[in-house]
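As provided, run-v4.txt (compact mmCIF, C-alpha atoms and all ligand atoms) reads as follows.
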# COMPACT_ATOMS: atom_id res chain seq x y z
CA MET A 1249 78.04 119.60 73.73
CA LYS A 1250 77.30 120.74 77.28
CA THR A 1251 76.32 117.17 78.12
CA CYS A 1252 79.62 115.87 76.73
CA ILE A 1253 81.61 118.39 78.79
CA ALA A 1254 79.65 117.49 81.92
CA VAL A 1255 80.27 113.78 81.34
CA LEU A 1256 83.96 114.45 80.71
CA ILE A 1257 84.30 116.48 83.91
CA ALA A 1258 82.51 113.75 85.85
CA LEU A 1259 84.86 111.09 84.45
CA VAL A 1260 87.93 113.17 85.34
CA CYS A 1261 86.62 113.63 88.87
CA VAL A 1262 85.96 109.91 89.29
CA TYR A 1263 89.40 109.08 87.87
CA ASN A 1264 91.12 111.52 90.23
CA LYS A 1265 89.23 110.11 93.17
CA ILE A 1266 90.28 106.57 92.28
CA VAL A 1267 93.92 107.63 91.87
CA VAL A 1268 93.90 109.44 95.21
CA GLN A 1269 92.24 106.49 96.93
CA ALA A 1270 94.75 104.05 95.44
CA ASP A 1271 97.68 106.19 96.51
CA ARG A 1272 96.88 106.52 100.19
CA GLY A 1273 99.71 106.60 102.60
CA GLN A 1274 101.23 109.38 104.61
CA LEU A 1275 104.16 110.23 106.84
CA TYR A 1276 103.49 111.11 110.46
CA GLN A 1277 106.00 112.56 112.91
CA THR A 1278 105.54 112.03 116.65
CA SER A 1279 106.72 114.18 119.53
CA LYS A 1280 109.30 111.47 120.24
CA ASN A 1281 110.82 112.16 116.83
CA VAL A 1282 109.70 108.87 115.36
CA THR A 1283 108.49 108.97 111.78
CA TYR A 1284 105.77 106.57 110.72
CA PHE A 1285 104.37 105.90 107.29
CA ILE A 1286 100.85 104.50 107.36
CA ASN A 1287 98.96 103.14 104.37
CA GLN A 1288 95.51 101.99 105.31
CA ASP A 1289 94.49 100.40 102.01
CA TYR A 1290 93.75 96.73 102.41
CA ALA A 1291 95.91 95.98 99.39
CA TYR A 1292 99.19 94.54 100.62
CA THR A 1293 100.41 91.12 101.67
CA TRP A 1294 102.96 91.12 104.48
CA TYR A 1295 105.74 90.62 101.93
CA GLU A 1296 104.53 93.53 99.81
CA ALA A 1297 104.27 95.72 102.91
CA PHE A 1298 107.82 94.73 103.91
CA LEU A 1299 109.06 95.85 100.49
CA GLU A 1300 106.97 99.05 100.53
CA CYS A 1301 108.75 100.04 103.75
CA SER A 1302 112.16 99.10 102.32
CA PHE A 1303 111.50 101.29 99.28
CA ARG A 1304 111.09 104.21 101.69
CA ASN A 1305 114.24 103.34 103.63
CA MET A 1306 112.00 102.34 106.52
CA THR A 1307 111.10 99.10 108.28
CA LEU A 1308 107.78 97.55 109.19
CA LEU A 1309 106.81 98.59 112.71
CA SER A 1310 108.19 96.83 115.74
CA LEU A 1311 106.55 97.35 119.12
CA GLU A 1312 109.31 96.61 121.56
CA ARG A 1313 108.37 99.48 123.87
CA ASP A 1314 104.87 99.93 125.28
CA GLU A 1315 105.10 103.69 124.61
CA LYS A 1316 105.41 103.01 120.90
CA ILE A 1317 102.06 101.32 120.69
CA ASP A 1318 100.49 104.28 122.54
CA GLU A 1319 102.17 106.69 120.13
CA LEU A 1320 100.90 104.75 117.14
CA LEU A 1321 97.35 104.67 118.48
CA GLN A 1322 97.52 108.43 119.09
CA VAL A 1323 98.49 108.91 115.44
CA ILE A 1324 95.72 106.60 114.24
CA ASN A 1325 93.09 108.19 116.45
CA LYS A 1326 94.17 111.77 115.67
CA HIS A 1327 93.93 111.46 111.93
CA LYS A 1328 90.97 110.64 109.79
CA PHE A 1329 91.24 107.08 108.57
CA SER A 1330 88.44 106.07 106.27
CA LYS A 1331 88.76 102.40 107.17
CA LYS A 1332 87.97 102.09 110.85
CA PRO A 1333 89.22 100.16 112.61
CA PRO A 1334 92.45 99.92 110.63
CA HIS A 1335 94.10 96.56 110.22
CA LEU A 1336 97.80 97.15 109.63
CA TRP A 1337 100.75 94.88 109.08
CA THR A 1338 103.54 95.15 111.62
CA GLY A 1339 107.06 93.74 111.32
CA GLY A 1340 106.19 90.61 113.28
CA ILE A 1341 107.00 87.32 111.58
CA GLY A 1342 107.54 83.77 112.76
CA SER A 1343 106.13 80.29 112.77
CA ASN A 1344 104.27 77.95 115.08
CA ARG A 1345 103.32 80.75 117.52
CA LYS A 1346 106.86 81.98 117.96
CA PHE A 1347 107.35 85.45 116.58
CA VAL A 1348 110.07 88.07 116.35
CA TRP A 1349 110.25 91.65 115.13
CA SER A 1350 111.78 91.51 111.67
CA ASN A 1351 114.02 94.54 112.16
CA THR A 1352 115.67 93.33 115.37
CA GLY A 1353 115.01 89.62 115.77
CA ARG A 1354 113.70 90.18 119.29
CA PRO A 1355 110.72 88.09 120.45
CA ILE A 1356 107.25 89.59 120.60
CA VAL A 1357 106.21 89.76 124.24
CA SER A 1358 103.08 87.91 125.25
CA ARG A 1359 101.15 90.89 126.67
CA LEU A 1360 100.76 92.40 123.20
CA TRP A 1361 98.73 89.53 121.77
CA GLY A 1362 94.97 89.78 121.51
CA PRO A 1363 92.69 87.27 123.26
CA GLY A 1364 93.36 83.73 122.03
CA ASN A 1365 96.34 84.77 119.92
CA PRO A 1366 98.72 83.80 118.57
CA ASP A 1367 96.56 80.82 117.60
CA ASN A 1368 98.21 79.83 114.31
CA SER A 1369 94.79 79.03 112.87
CA ALA A 1370 94.90 76.25 110.26
CA ASN A 1371 98.63 76.13 110.90
CA MET A 1372 99.11 78.97 108.42
CA GLU A 1373 99.49 82.18 110.44
CA ASN A 1374 103.08 83.39 110.23
CA CYS A 1375 102.73 87.19 110.07
CA VAL A 1376 101.49 89.75 112.58
CA GLN A 1377 98.95 92.56 112.29
CA ILE A 1378 97.69 95.19 114.71
CA TYR A 1379 93.94 95.39 114.60
CA GLU A 1380 90.79 97.15 115.70
CA ASN A 1381 92.37 100.25 117.21
CA THR A 1382 93.54 98.27 120.19
CA LYS A 1383 96.91 97.49 121.63
CA HIS A 1384 96.52 93.93 120.45
CA LEU A 1385 98.28 91.84 117.88
CA ASN A 1386 97.00 88.92 115.83
CA ASP A 1387 98.90 86.29 113.88
CA ILE A 1388 97.38 85.81 110.45
CA LYS A 1389 98.21 84.45 107.01
CA CYS A 1390 100.98 86.48 105.36
CA VAL A 1391 99.10 86.54 102.04
CA GLU A 1392 96.06 88.31 103.48
CA LYS A 1393 95.80 91.93 102.31
CA PHE A 1394 95.88 94.82 104.77
CA GLY A 1395 97.37 98.26 105.21
CA PHE A 1396 100.74 98.64 106.89
CA VAL A 1397 102.79 100.86 109.12
CA CYS A 1398 106.48 101.56 108.60
CA GLU A 1399 108.78 103.37 110.96
CA MET A 1400 111.97 105.31 110.48
CA THR A 1401 114.53 105.52 113.23
CA GLN A 1402 118.12 106.61 113.36
CA CYS A 1403 118.97 103.00 112.52
CA ASN A 1404 117.19 103.38 109.20
CA LEU A 1405 118.89 106.67 108.49
CA ASP A 1406 122.36 105.24 109.02
CA VAL A 1407 122.41 101.53 108.32
CA ALA A 1408 126.06 101.22 109.30
CA LYS A 1409 125.34 102.48 112.80
CA ALA A 1410 124.05 100.30 115.61
CA CYS A 1411 120.70 101.51 116.98
CA ASP A 1412 122.15 102.00 120.42
CA PRO A 1413 125.87 102.76 120.33
CA GLU A 1414 126.08 101.99 124.05
CA LYS A 1415 125.46 98.34 123.33
CA PRO A 1416 127.75 96.16 121.25
CA GLU A 1417 126.43 95.38 117.83
CA SER A 1418 125.75 91.76 117.04
CA ARG A 1419 124.12 90.25 114.01
CA ARG A 1420 122.46 86.99 113.28
CA ILE A 1421 120.75 85.61 110.21
CA GLU A 1422 117.46 83.72 110.35
CA LYS A 1423 114.90 82.63 107.83
CA TYR A 1424 111.13 83.06 108.19
CA SER A 1425 108.49 82.34 105.58
CA GLY A 1426 111.08 82.21 102.83
CA PHE A 1427 112.65 85.56 103.82
CA VAL A 1428 116.22 85.79 105.07
CA PHE A 1429 116.64 88.37 107.83
CA ASN A 1430 119.92 89.89 108.95
CA PHE A 1431 119.10 90.97 112.48
CA ASN A 1432 120.98 93.82 114.09
CA GLN A 1433 120.68 93.34 117.82
CA GLY A 1434 122.51 96.49 118.78
CA LYS A 1435 119.13 98.07 119.61
CA CA A 1501 95.38 84.50 114.81

How does the structure come out when it is put into structure tokens?
Ligand SMILES: [Ca+2]
Amino acid sequence: MKTCIAVLIALVCVYNKIVVQADRGQLYQTSKNVTYFINQDYAYTWYEAFLECSFRNMTLLSLERDEKIDELLQVINKHKFSKKPPHLWTGGIGSNRKFVWSNTGRPIVSRLWGPGNPDNSANMENCVQIYENTKHLNDIKCVEKFGFVCEMTQCNLDVAKACDPEKPESRRIEKYSGFVFNFNQGK
């Protein structure tokens, strides 16, 4: 009987551990009042990560300001991530080495790319990850599985409001990798 109870307890512990591991993902708030959600499990295609962020009323990360990438790395380095270095999907999407941030439609600037990238290896790399705890981006196949980072800004909180009310709102629709994006360029 004691053996059965011990085995049962062990099974419950293993089950709980698996559930916790499968449900990783956490909100982080920065001093700049930006909220990130980071899930480090290598379990999501870019499309799945895009939807995971949408479910949370967030968007996949864009890195239009250099400070944002520093903030993100501070968050990553401050907290204990079991998978080091983390490979995380960002909101970058495009084709043939031309990429935009999916929440604004603005181009990804060249200084963010890692050495040799974007290289569009095998002509199949249409999505963008941040990798190896660096400030660098890599284009890679959208169906690869990584973790992801979402962000929440005032734009997410009030979808009817332009990100920067000082600038006139303009929208354009473009299609990447089968997705249709309605870009708000008021940011
Ligand atoms: Ca690449």

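For Val1282 (chain A), the list of residues within 9 Å, based on all atoms listed in the file and with local chain neighbours fewer than 2 positions off taken out, reads Tyr1276, Gln1277, Thr1278, Ser1279, Lys1280, Tyr1284, Glu1399, Met1400, Thr1401 and Gln1402 of chain A.
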
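Distances here use all atoms listed in the file; by that measure, the residue among A:Ala1370, A:Ile1286, A:Leu1336, A:Leu1311 closest to Pro1355 (chain A) is A:Leu1311.
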
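You will find CA of Tyr1379 (chain A) at 10.4 Å from CA of Gly1395 (chain A).
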
Could you pull out the residues sitting within 7 Å of ligand CA 1501 (chain A), using only C-alpha atoms and all ligand atoms, and write them as a JSON list (two decimals) with C-alpha atoms, in the coordinates of the input?
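Final file, pocket.json:
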[["chain", "number", "residue", "atom", "x", "y", "z"],
["A", 1365, "ASN", "CA", 96.34, 84.77, 119.92],
["A", 1366, "PRO", "CA", 98.72, 83.80, 118.57],
["A", 1367, "ASP", "CA", 96.56, 80.82, 117.60],
["A", 1368, "ASN", "CA", 98.21, 79.83, 114.31],
["A", 1369, "SER", "CA", 94.79, 79.03, 112.87],
["A", 1373, "GLU", "CA", 99.49, 82.18, 110.44],
["A", 1386, "ASN", "CA", 97.00, 88.92, 115.83],
["A", 1387, "ASP", "CA", 98.90, 86.29, 113.88],
["A", 1388, "ILE", "CA", 97.38, 85.81, 110.45]]

Please return the centre and edge lengths, in Å to one decimal, of a box with edges along x, y and z that contains all listed atoms of region 1388-1402 of chain A, widened by 3 Å on every side, as JSON.
{"center_x": 107.0, "center_y": 95.5, "center_z": 107.7, "size_x": 28.3, "size_y": 28.2, "size_z": 17.3}

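Atom pair CA of Phe1347 (chain A) / CA of Asn1371 (chain A): separated by 14.0 Å.
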
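The coordinates place CA of Ala1291 (chain A) at 23.4 Å from CA of Val1428 (chain A).
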
Counting only C-alpha atoms, what is within 10 Å of Cys1390 (chain A), bar same-chain residues fewer than 6 positions away, as an mmCIF file with C-alpha atoms, in the frame of the given file?
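Result written to part.cif:
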data_model
loop_
_atom_site.group_PDB
_atom_site.id
_atom_site.type_symbol
_atom_site.label_atom_id
_atom_site.label_comp_id
_atom_site.auth_asym_id
_atom_site.auth_seq_id
_atom_site.Cartn_x
_atom_site.Cartn_y
_atom_site.Cartn_z
ATOM 1 C CA TYR A 1292 99.190 94.540 100.620
ATOM 2 C CA THR A 1293 100.410 91.120 101.670
ATOM 3 C CA TRP A 1294 102.960 91.120 104.480
ATOM 4 C CA TYR A 1295 105.740 90.620 101.930
ATOM 5 C CA GLU A 1296 104.530 93.530 99.810
ATOM 6 C CA TRP A 1337 100.750 94.880 109.080
ATOM 7 C CA ILE A 1341 107.000 87.320 111.580
ATOM 8 C CA MET A 1372 99.110 78.970 108.420
ATOM 9 C CA GLU A 1373 99.490 82.180 110.440
ATOM 10 C CA ASN A 1374 103.080 83.390 110.230
ATOM 11 C CA CYS A 1375 102.730 87.190 110.070
ATOM 12 C CA VAL A 1376 101.490 89.750 112.580
ATOM 13 C CA GLN A 1377 98.950 92.560 112.290
ATOM 14 C CA SER A 1425 108.490 82.340 105.580
#

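Residues of protein, DNA or RNA having at least one counted atom within 10 Å of (99.8, 102.4, 123.4), given all atoms listed in the file, are Leu1311, Arg1313, Asp1314, Glu1315, Lys1316, Ile1317, Asp1318, Glu1319, Leu1320, Leu1321, Gln1322, Asn1381, Thr1382, Lys1383 and His1384 of chain A.
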
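Candidate residues A:Gln1288, A:Ser1343, A:Thr1283, A:Thr1352 were compared for distance to His1327 (chain A), and the nearest is A:Gln1288, using only C-alpha atoms.
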
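Nearest-residue note for Leu1308 (chain A): choosing from A:Phe1429, A:Thr1338, A:Asn1287, A:Lys1346, the minimum distance belongs to A:Thr1338, counting all atoms listed in the file.
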
Nearest-residue call for Cys1301 (chain A), choices A:Trp1361, A:Phe1285, A:Phe1394, A:Tyr1424, using all atoms listed in the file: A:Phe1285

Complete the atom set of region 1332-1359 of chain A to N, CA and C atoms and return it as an mmCIF file, in the coordinates of the input.
data_model
loop_
_atom_site.group_PDB
_atom_site.id
_atom_site.type_symbol
_atom_site.label_atom_id
_atom_site.label_comp_id
_atom_site.auth_asym_id
_atom_site.auth_seq_id
_atom_site.Cartn_x
_atom_site.Cartn_y
_atom_site.Cartn_z
ATOM 1 N N LYS A 1332 87.872 102.224 109.411
ATOM 2 C CA LYS A 1332 87.970 102.090 110.850
ATOM 3 C C LYS A 1332 87.316 100.781 111.244
ATOM 4 N N PRO A 1333 87.883 100.005 112.068
ATOM 5 C CA PRO A 1333 89.220 100.160 112.610
ATOM 6 C C PRO A 1333 90.268 99.689 111.596
ATOM 7 N N PRO A 1334 91.439 100.328 111.600
ATOM 8 C CA PRO A 1334 92.450 99.920 110.630
ATOM 9 C C PRO A 1334 93.097 98.585 111.015
ATOM 10 N N HIS A 1335 93.332 97.791 110.028
ATOM 11 C CA HIS A 1335 94.100 96.560 110.220
ATOM 12 C C HIS A 1335 95.419 96.772 109.481
ATOM 13 N N LEU A 1336 96.508 96.769 110.218
ATOM 14 C CA LEU A 1336 97.800 97.150 109.630
ATOM 15 C C LEU A 1336 98.843 96.075 109.901
ATOM 16 N N TRP A 1337 99.634 95.793 108.878
ATOM 17 C CA TRP A 1337 100.750 94.880 109.080
ATOM 18 C C TRP A 1337 101.811 95.527 109.962
ATOM 19 N N THR A 1338 102.356 94.741 110.867
ATOM 20 C CA THR A 1338 103.540 95.150 111.620
ATOM 21 C C THR A 1338 104.717 94.308 111.113
ATOM 22 N N GLY A 1339 105.876 94.495 111.725
ATOM 23 C CA GLY A 1339 107.060 93.740 111.320
ATOM 24 C C GLY A 1339 107.157 92.363 111.939
ATOM 25 N N GLY A 1340 106.120 91.916 112.636
ATOM 26 C CA GLY A 1340 106.190 90.610 113.280
ATOM 27 C C GLY A 1340 106.111 89.465 112.287
ATOM 28 N N ILE A 1341 107.013 88.505 112.440
ATOM 29 C CA ILE A 1341 107.000 87.320 111.580
ATOM 30 C C ILE A 1341 107.518 86.142 112.387
ATOM 31 N N GLY A 1342 107.092 84.943 112.017
ATOM 32 C CA GLY A 1342 107.540 83.770 112.760
ATOM 33 C C GLY A 1342 106.899 82.516 112.242
ATOM 34 N N SER A 1343 106.802 81.537 113.118
ATOM 35 C CA SER A 1343 106.130 80.290 112.770
ATOM 36 C C SER A 1343 105.774 79.569 114.057
ATOM 37 N N ASN A 1344 104.692 78.782 113.963
ATOM 38 C CA ASN A 1344 104.270 77.950 115.080
ATOM 39 C C ASN A 1344 104.193 78.720 116.401
ATOM 40 N N ARG A 1345 103.586 79.905 116.347
ATOM 41 C CA ARG A 1345 103.320 80.750 117.520
ATOM 42 C C ARG A 1345 104.556 81.354 118.161
ATOM 43 N N LYS A 1346 105.662 81.295 117.463
ATOM 44 C CA LYS A 1346 106.860 81.980 117.960
ATOM 45 C C LYS A 1346 107.210 83.076 116.984
ATOM 46 N N PHE A 1347 107.200 84.304 117.481
ATOM 47 C CA PHE A 1347 107.350 85.450 116.580
ATOM 48 C C PHE A 1347 108.452 86.387 117.042
ATOM 49 N N VAL A 1348 109.054 87.050 116.061
ATOM 50 C CA VAL A 1348 110.070 88.070 116.350
ATOM 51 C C VAL A 1348 109.735 89.320 115.546
ATOM 52 N N TRP A 1349 110.344 90.424 115.929
ATOM 53 C CA TRP A 1349 110.250 91.650 115.130
ATOM 54 C C TRP A 1349 111.298 91.575 114.033
ATOM 55 N N SER A 1350 110.893 91.773 112.801
ATOM 56 C CA SER A 1350 111.780 91.510 111.670
ATOM 57 C C SER A 1350 112.953 92.481 111.572
ATOM 58 N N ASN A 1351 112.873 93.622 112.252
ATOM 59 C CA ASN A 1351 114.020 94.540 112.160
ATOM 60 C C ASN A 1351 115.039 94.356 113.269
ATOM 61 N N THR A 1352 114.706 93.540 114.290
ATOM 62 C CA THR A 1352 115.670 93.330 115.370
ATOM 63 C C THR A 1352 115.876 91.860 115.716
ATOM 64 N N GLY A 1353 114.917 91.026 115.399
ATOM 65 C CA GLY A 1353 115.010 89.620 115.770
ATOM 66 C C GLY A 1353 114.596 89.344 117.203
ATOM 67 N N ARG A 1354 114.102 90.377 117.895
ATOM 68 C CA ARG A 1354 113.700 90.180 119.290
ATOM 69 C C ARG A 1354 112.288 89.592 119.359
ATOM 70 N N PRO A 1355 112.041 88.740 120.363
ATOM 71 C CA PRO A 1355 110.720 88.090 120.450
ATOM 72 C C PRO A 1355 109.600 89.084 120.769
ATOM 73 N N ILE A 1356 108.425 88.783 120.270
ATOM 74 C CA ILE A 1356 107.250 89.590 120.600
ATOM 75 C C ILE A 1356 106.735 89.164 121.962
ATOM 76 N N VAL A 1357 106.579 90.120 122.860
ATOM 77 C CA VAL A 1357 106.210 89.760 124.240
ATOM 78 C C VAL A 1357 104.729 89.399 124.305
ATOM 79 N N SER A 1358 104.412 88.524 125.230
ATOM 80 C CA SER A 1358 103.080 87.910 125.250
ATOM 81 C C SER A 1358 101.960 88.906 125.530
ATOM 82 N N ARG A 1359 102.246 89.985 126.288
ATOM 83 C CA ARG A 1359 101.150 90.890 126.670
ATOM 84 C C ARG A 1359 100.557 91.642 125.477
#
